[in-house]
Amino acid sequence: MRESTIMKIHYGTALAAVALVAVHILMRLTMGFAESLEYETVLANYKFIPYAVMLELILILLSIHGFNGLRVILLELKQGQAYEKAVSYGCLAAMFGLIAYGSRTIIMTNMGMT
Amino acid sequence: MAQVSHIADEQGSTSISSSKSITLRIARYNPEHDDSSQFMEFTIPYERWTTVLEAILEVKKHFDHSVAVRYSCRQATCGSCGMIINGKPRLACFTKISELNSNVVTVEPMNNFPIIRDLAVKFERLFDTHHKIKPYLIRDDTELESNEKEFLQSPEEVEQYIQFANCIKCGLCNSACPTMATDSSFVGPQALAQAYRYVADSRDKGKDSRLKIIDESHGIWRCHFAGSCSQVCPKGVDPAMGIQFLRGYLLGFRS
C-alpha cells in the first residue's frame with residue numbers, strides 16, 4: 001500500500017476517533033462519574049447495541065491509528081529491510097490481535113456471557 | 001584541549017588587526033585515528049565585518065594549517081562552508097563574529113553528515129537524495145523545434161517555485177532536521193524542497209513520477225514539521241512550507 005494511502009487512513013481514523021470518543025465521554029457525563037463505572041452500568045452499556053457498535057468502532061479506529069503510529073516511530077528508530085518488514089507485519093498482527101480480543105470482549109458481554 | 005593564545009609573528013596582507021578578540025573553539029576530529037572530537041582554542045582578533053570563515057582561515061594561516069574546512073566562494077553562493085556555529089547550523093562565510101554577541105565562538109561539523117575531518121563533512125547522502133527526486137524539468141518535448149521559442153511563464157507561475165530555486169545545496173537544512181538524525185533513509189528537507197521546486201514549475205510534466213518517489217516509507221511522511229530546516233536556511237528557502245504543499249498534492253488538496 002502506498003504510504004500516502006496509509007497516512008490518509010491514519011489521519012482519517014484520528015479524526016473519527018476524536019468524534020466518537022467525544023460522544024463516549026458525553027454519554028459518561030449523563031450520570032455521575034462513579035456511577036457510570038459501576039459494574040451494572042458498564043454491562044448495560046455493552047448490552048445496548050448502538051453503544052456496543054460505537055465501542056467496537058472506537059476499538060478499531062484507535063487500534064489502526066495507534067499501531068500505525070507505533071510502526072512509524074519504529075521505522076524512524078532503526079532502518080534495514082528485514083527490520084522494517086518485521087515492524088510492519090508485527091504491527092499489523094498486533095493490531096488484528098487487539099481488535100479480535102477487544103471484539104471478543106464486546107460480543108461476549110453483549111450476549112450476556114459474563 | 002589545546003590553547004594558542006597569541007598570534008604568530010607573521011606579516012600578512014590579509015591578517016586581521018584589531019583590539020577586539022574572541023576565543024575560537026574548533027572541533028578537531030579525524031575518524032581514522034581519533035575516538036572522539038576535541039576542541040582546540042585560538043584567540044583571534046576581529047573587526048565588525050570579520051566572518052567566522054575568515055577567523056578559521058586566520059587560524060589556518062597563523063596557528064594550525066591542518067584544520068580541515070571546506071570553502072570556496074566566501075559569499076554564500078557555493079554552499080561549501082556549512083557548519084555548526086555556536087550550536088546553530090550556519091554558513092561560516094555568511095556569519096559575522098560581531099552578530100554572534102559572544103566572546104567565544106564554537107565551530108563544529110554539521111550534524112547528520114559523516115565527518116571527513118574536523119569541519120569537512122561528506123555530502124554523498126545529500127547529493128544522492130537530491131539526484132533521486134529528478135532535479136530537472138521533465139517533458140516529452142525535451143528538444144525545442146527550430147521555430148519554437150523558450151517556455152514562457154507568467155510572473156505568477158514563477159512566484160510558485162522561485163524561492164525554492166535559491167537552494168545552494170549547503171546542507172544546513174538536513175543538518176538541522178531532527179528526522180535526519182534518527183532515520184538514515186529519510187529523503188531530507190533539501191530534496192523534498194527541490195521536489196516541490198519542480199512539481200510547482202508550470203513547465204514541468206514530471207509531477208506524478210516525483211510524487212511517487214517521495215511517497216514511500218522514508219519519504220515525505222516522515223517529516224514532523226519541526227520547521228528547523230526553514231529556520232536555518234541562509235537563502236530564505238522554506239523547505240517546511242514546500243513539504244506541506246507537497247503533502248497537499250498527495251492528500252488531494254492540490255492538483
# chains A, B, ... in the order shown; residues from 1 in each chain; ligands from 1
>>> residues_around(residues="Met27 (chain A)", least_positions_apart="2", cutoff="12 Å", atoms="only C-alpha atoms", output="PDB file with N, CA and C atoms, in the first residue's frame")
ATOM      1  N   LEU A  20     -15.887  10.103  17.960  1.00  0.00           N
ATOM      2  CA  LEU A  20     -16.577   9.029  18.700  1.00  0.00           C
ATOM      3  C   LEU A  20     -16.203   9.017  20.186  1.00  0.00           C
ATOM      4  N   VAL A  21     -14.943   9.294  20.492  1.00  0.00           N
ATOM      5  CA  VAL A  21     -14.542   9.343  21.905  1.00  0.00           C
ATOM      6  C   VAL A  21     -15.235  10.525  22.598  1.00  0.00           C
ATOM      7  N   ALA A  22     -15.448  11.618  21.855  1.00  0.00           N
ATOM      8  CA  ALA A  22     -16.183  12.761  22.419  1.00  0.00           C
ATOM      9  C   ALA A  22     -17.606  12.343  22.776  1.00  0.00           C
ATOM     10  N   VAL A  23     -18.251  11.587  21.865  1.00  0.00           N
ATOM     11  CA  VAL A  23     -19.605  11.076  22.146  1.00  0.00           C
ATOM     12  C   VAL A  23     -19.560  10.168  23.372  1.00  0.00           C
ATOM     13  N   HIS A  24     -18.564   9.293  23.424  1.00  0.00           N
ATOM     14  CA  HIS A  24     -18.398   8.363  24.543  1.00  0.00           C
ATOM     15  C   HIS A  24     -18.277   9.128  25.868  1.00  0.00           C
ATOM     16  N   ILE A  25     -17.468  10.172  25.882  1.00  0.00           N
ATOM     17  CA  ILE A  25     -17.273  10.962  27.117  1.00  0.00           C
ATOM     18  C   ILE A  25     -18.577  11.691  27.485  1.00  0.00           C
ATOM     19  N   LEU A  29     -21.032  11.566  30.878  1.00  0.00           N
ATOM     20  CA  LEU A  29     -21.380  12.756  31.675  1.00  0.00           C
ATOM     21  C   LEU A  29     -22.879  12.820  31.992  1.00  0.00           C
ATOM     22  N   THR A  30     -23.657  11.903  31.391  1.00  0.00           N
ATOM     23  CA  THR A  30     -25.110  11.937  31.667  1.00  0.00           C
ATOM     24  C   THR A  30     -25.410  11.470  33.096  1.00  0.00           C
ATOM     25  N   MET A  31     -24.408  10.860  33.718  1.00  0.00           N
ATOM     26  CA  MET A  31     -24.573  10.452  35.125  1.00  0.00           C
ATOM     27  C   MET A  31     -23.279  10.753  35.863  1.00  0.00           C
ATOM     28  N   GLY A  32     -23.272  10.508  37.158  1.00  0.00           N
ATOM     29  CA  GLY A  32     -22.065  10.752  37.944  1.00  0.00           C
ATOM     30  C   GLY A  32     -20.941   9.832  37.489  1.00  0.00           C
ATOM     31  N   PHE A  33     -19.687  10.306  37.652  1.00  0.00           N
ATOM     32  CA  PHE A  33     -18.535   9.541  37.174  1.00  0.00           C
ATOM     33  C   PHE A  33     -18.452   8.168  37.854  1.00  0.00           C
ATOM     34  N   SER A  36     -21.189   5.871  36.632  1.00  0.00           N
ATOM     35  CA  SER A  36     -21.006   5.381  35.267  1.00  0.00           C
ATOM     36  C   SER A  36     -20.014   4.213  35.213  1.00  0.00           C
ATOM     37  N   LEU A  37     -19.173   4.088  36.231  1.00  0.00           N
ATOM     38  CA  LEU A  37     -18.195   2.998  36.245  1.00  0.00           C
ATOM     39  C   LEU A  37     -18.693   1.785  37.041  1.00  0.00           C
ATOM     40  N   THR A  41     -23.820  -0.723  35.316  1.00  0.00           N
ATOM     41  CA  THR A  41     -23.906   0.323  34.283  1.00  0.00           C
ATOM     42  C   THR A  41     -23.061  -0.049  33.071  1.00  0.00           C
ATOM     43  N   VAL A  42     -21.859  -0.528  33.361  1.00  0.00           N
ATOM     44  CA  VAL A  42     -20.961  -0.917  32.261  1.00  0.00           C
ATOM     45  C   VAL A  42     -21.580  -2.058  31.455  1.00  0.00           C
ATOM     46  N   ASN A  45     -24.298  -0.801  29.240  1.00  0.00           N
ATOM     47  CA  ASN A  45     -23.754  -0.121  28.058  1.00  0.00           C
ATOM     48  C   ASN A  45     -23.417  -1.127  26.966  1.00  0.00           C
ATOM     49  N   TYR A  51     -24.552   1.425  21.380  1.00  0.00           N
ATOM     50  CA  TYR A  51     -23.371   1.816  22.161  1.00  0.00           C
ATOM     51  C   TYR A  51     -22.247   0.798  21.970  1.00  0.00           C
ATOM     52  N   MET A  54     -20.616   1.437  18.775  1.00  0.00           N
ATOM     53  CA  MET A  54     -19.721   2.597  18.861  1.00  0.00           C
ATOM     54  C   MET A  54     -18.398   2.223  19.546  1.00  0.00           C
ATOM     55  N   LEU A  55     -18.484   1.421  20.601  1.00  0.00           N
ATOM     56  CA  LEU A  55     -17.264   0.976  21.291  1.00  0.00           C
ATOM     57  C   LEU A  55     -16.397   0.127  20.362  1.00  0.00           C
TER      58      LEU A  55
END
>>> interface_residues(of="chain A", to="chain B", cutoff="10 Å", atoms="only C-alpha atoms", output="PyMOL selection string")
chain A and resi 1-8+72-80+84
>>> closest_residue(among="B:Arg25, B:Lys96, B:Lys134, B:His33", to="Arg74 (chain B)", atoms="only C-alpha atoms")
B:Lys96
>>> residues_around(residues="region 88-94 of chain A", least_positions_apart="5", cutoff="10 Å", atoms="only C-alpha atoms", output="JSON, numbers by chain")
{"A": [63, 64, 66, 67, 68, 69, 70, 71, 72, 74, 75, 83, 99, 100]}
>>> residues_around(residues="Thr105 (chain A)", least_positions_apart="6", cutoff="10 Å", atoms="only C-alpha atoms", output="PyMOL selection string")
chain A and resi 46+56+99+111+113-114
>>> atom_distance(atom1="CA of Arg28 (chain B)", atom2="CA of Pro45 (chain B)")
21.0 Å
>>> residues_around(residues="region 50-63 of chain B", least_positions_apart="6", cutoff="6 Å", atoms="only C-alpha atoms", output="list in words")
Ala8, Ala92, Cys93, Thr95, Lys96 and Ile97 of chain B
>>> select_by_dssp(residues="region 16-141 of chain B", states="strand (DSSP E)", output="VMD selection string")
chain B and resid 21 to 28 38 to 45 82 to 85 88 to 91 104 to 108 115 to 117 120 to 121
>>> write_last_selection(atoms="C-alpha atoms", output="mmCIF file, in the first residue's frame")
data_model
loop_
_atom_site.group_PDB
_atom_site.id
_atom_site.type_symbol
_atom_site.label_atom_id
_atom_site.label_comp_id
_atom_site.auth_asym_id
_atom_site.auth_seq_id
_atom_site.Cartn_x
_atom_site.Cartn_y
_atom_site.Cartn_z
ATOM 1 C CA SER B 21 39.329 39.441 20.052
ATOM 2 C CA ILE B 22 37.335 36.260 20.544
ATOM 3 C CA THR B 23 38.138 32.725 21.533
ATOM 4 C CA LEU B 24 37.561 30.476 18.556
ATOM 5 C CA ARG B 25 36.919 26.841 19.539
ATOM 6 C CA ILE B 26 37.345 24.449 16.638
ATOM 7 C CA ALA B 27 36.222 20.823 16.833
ATOM 8 C CA ARG B 28 39.087 18.581 15.721
ATOM 9 C CA GLN B 38 38.320 17.531 20.803
ATOM 10 C CA PHE B 39 38.230 21.304 20.795
ATOM 11 C CA MET B 40 41.235 23.496 20.121
ATOM 12 C CA GLU B 41 41.039 27.098 21.247
ATOM 13 C CA PHE B 42 42.554 30.075 19.477
ATOM 14 C CA THR B 43 42.457 33.752 20.343
ATOM 15 C CA ILE B 44 41.600 35.630 17.174
ATOM 16 C CA PRO B 45 41.346 39.417 16.676
ATOM 17 C CA GLY B 82 28.180 24.979 6.303
ATOM 18 C CA MET B 83 28.976 24.161 9.926
ATOM 19 C CA ILE B 84 27.545 24.392 13.414
ATOM 20 C CA ILE B 85 28.439 27.821 14.796
ATOM 21 C CA LYS B 88 23.265 26.507 15.120
ATOM 22 C CA PRO B 89 23.843 25.361 11.519
ATOM 23 C CA ARG B 90 25.117 28.363 9.540
ATOM 24 C CA LEU B 91 27.356 29.275 6.640
ATOM 25 C CA VAL B 104 33.518 32.503 22.475
ATOM 26 C CA VAL B 105 32.740 31.150 19.013
ATOM 27 C CA THR B 106 32.486 27.372 18.779
ATOM 28 C CA VAL B 107 32.592 25.731 15.371
ATOM 29 C CA GLU B 108 31.723 22.085 14.796
ATOM 30 C CA ILE B 115 32.807 13.635 9.122
ATOM 31 C CA ILE B 116 35.771 13.518 6.757
ATOM 32 C CA ARG B 117 37.984 15.507 9.120
ATOM 33 C CA ALA B 120 34.669 18.950 6.494
ATOM 34 C CA VAL B 121 31.795 16.508 6.009
#
>>> select_by_dssp(residues="region 74-243 of chain B", states="helix (DSSP H, G or I)", output="ChimeraX atom specification")
/B:92-94,97-100,124-132,155-159,162-166,172-176,178-182,189-199,207-214,220-222,228-232,239-243
>>> atom_distance(atom1="CA of Ala193 (chain B)", atom2="CA of Pro239 (chain B)")
4.8 Å
>>> closest_residue(among="A:His65, A:Glu38, A:Arg28, A:Ala52", to="Leu15 (chain A)", atoms="only C-alpha atoms")
A:His65
>>> residues_around(residues="region 144-159 of chain B", least_positions_apart="3", cutoff="7 Å", atoms="only C-alpha atoms", output="list in words")
Asp141, Ile162, Ser202 and Arg203 of chain B
>>> atom_distance(atom1="CA of Asn112 (chain B)", atom2="CA of Glu124 (chain B)")
11.8 Å
